[in-house]
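S.K.: I have a structure here, written as structure tokens, and I will follow up with some questions on it.
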Amino acid sequence: MISFLPPAAILKSKRTLLCFVILLSLCNNQKIFSQQENFLKSSLYSPSDSKTLILGGSVIANDNEPQDFKTNPASISFAKNIILTSNYIRIDKNEYLYNAGVILPTGIGNWGLNFSKFDGADYFYDWMSLGDLAEIKGTTDNTITLSYGNNLIGNLNLGANINFLQSKTTDFYNKEFNASQTSFDFGLIYSFPKLIDIKGYKDKLNFGMALQGIGGKFNYHNYEYNLPKYLKLGFMYRASMPDFDNYELVSFTLNWLYRNYLNSDATRGEASQKDSWSLGLETCLYEHVNILIGSSVLPYSTSYSEKEDIVFSYGLGLIINIEKVKLLINAGYTSSEYNIGDAYTLGINVCY
């Protein structure tokens, strides 16, 4: 059974969608110097929870705890508890991504703060003709993300992020090169709380949309680049079958994401890298054990793989209740979408 919004609410929803269309047109009118393959390793685009990586990055409309507001800032509006998040990703043997953050519900909406750090090899390559930077010791970059989300009206939730990126590269002569940029993300999620009216069966459908990477240019060693900008669309469908005590014996959550690379640069071989997708399935048993499977299509080609190669991820999650505290632990493995080795991830989250 699907409920519909009144005319006034529909008008507000149309105005909201119009704002997103205007933002999208602004994205397409900028001069293009993007490096999608390189920036995907940056802390700016790293997920705030390991479950996102295990599910192939498909959680554009997911409202489960912990909400990954770096993927879609509107998801933070569903948080009902204070959540402390932490996430560790090891890529191959010498590159690492760290995340730590907090989600704080308040009477005027929900707020989030996340700190992300990348430490490892340089994510710009010598074919970019950076002179002395052809030999790199390593790169460290940090991103601070401030997020806000709230229910606008009815089943429509909105959110926004502001990101502060700081990058430092050191060459073999111990010379440092620094770069920084501020960017914005915008997102919405619309929910249908109940589609199938069958006794003992509960379900929910969410549609999500986000614009990611809106902002200024990235100045790197006297070169100027735009960060990759993405339009993300997708859905989440959750179904559960509780027993007579309203205890969920098993639940299934299916996530699907389509991602469009808005400012691909044909002069850098990115003309065929505009579209990619991700799919994730989460199975929860007895409300305590999560089985996670994800897949995604590589959005770019390299000398090691072709575009549209499918990458699979696998993981396991535990939900542990200790009095009024809920502990969420997720661990997983994925063949690296960066094509430099396998990736391992561990996330520990505490809900109060």
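Identifiers for the structure tokens are assigned positionally: chains receive A, B, ... in sequence, residues are indexed from 1 per chain, and ligands are indexed from 1 in the order shown.
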Name the residues in contact with A:Lys202 at a cut-off of 9 Å, using only C-alpha atoms, excluding same-chain residues fewer than 5 positions from it; report them as an NGL selection string.

M.R.: :A and (193-197 or 238-242)

S.K.: Using only C-alpha atoms, which of the listed residues (A:Val289, A:Leu53, A:Ile83, A:Ala210) sits closest to A:Glu65?

M.R.: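 Nearest candidate to A:Glu65 out of A:Val289, A:Leu53, A:Ile83, A:Ala210: A:Ile83.
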
S.K.: Residues at most 7 Å from A:Leu165, counting only C-alpha atoms, excluding those fewer than 4 positions away in the same chain, as a PyMOL selection string?

M.R.: chain A and resi 44+142-144+180-182

S.K.: Let's have the selection written as a short mmCIF file (atom, residue, chain, number, x, y, z; two decimals), in the first residue's frame, with C-alpha atoms.

M.R.:
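And here is the file that came out, out.cif:
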data_model
loop_
_atom_site.label_atom_id
_atom_site.label_comp_id
_atom_site.auth_asym_id
_atom_site.auth_seq_id
_atom_site.Cartn_x
_atom_site.Cartn_y
_atom_site.Cartn_z
CA LEU A 44 37.68 12.87 -0.13
CA ASN A 142 43.20 14.52 4.94
CA THR A 143 39.53 15.37 4.52
CA ILE A 144 37.23 16.84 7.15
CA SER A 180 43.83 22.06 -0.78
CA GLN A 181 40.24 22.44 -1.86
CA THR A 182 36.72 22.80 -0.50
#

S.K.: A:Val250, A:Leu257, A:Leu158, A:Ile291: which is nearest A:Leu231, counting only C-alpha atoms?

M.R.: A:Leu257

S.K.: Which one of A:Ser43, A:Asn64, A:Ser75, A:Gln166 sits closest to A:Phe118 if you count only C-alpha atoms?

M.R.: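 The answer is A:Ser43, which sits nearest to A:Phe118.
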
S.K.: What gap, in Å, lies between atom CA of A:Gln67 and atom CA of A:Asn155?

M.R.: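 Separation between atom CA of A:Gln67 and atom CA of A:Asn155: 17.1 Å.
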
S.K.: Which polymer residues have any atom within 8 Å of an atom of A:Leu97, counting only C-alpha atoms, with same-chain residues fewer than 3 positions away left out, as a VMD selection string?

M.R.: chain A and resid 43 46 88 to 90 116 to 119

S.K.: Rounded to one decimal place, report the atom CA of A:Pro73-atom CA of A:Leu292 distance in Å.

M.R.: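 So the two atoms, atom CA of A:Pro73 and atom CA of A:Leu292, lie 22.3 Å apart.
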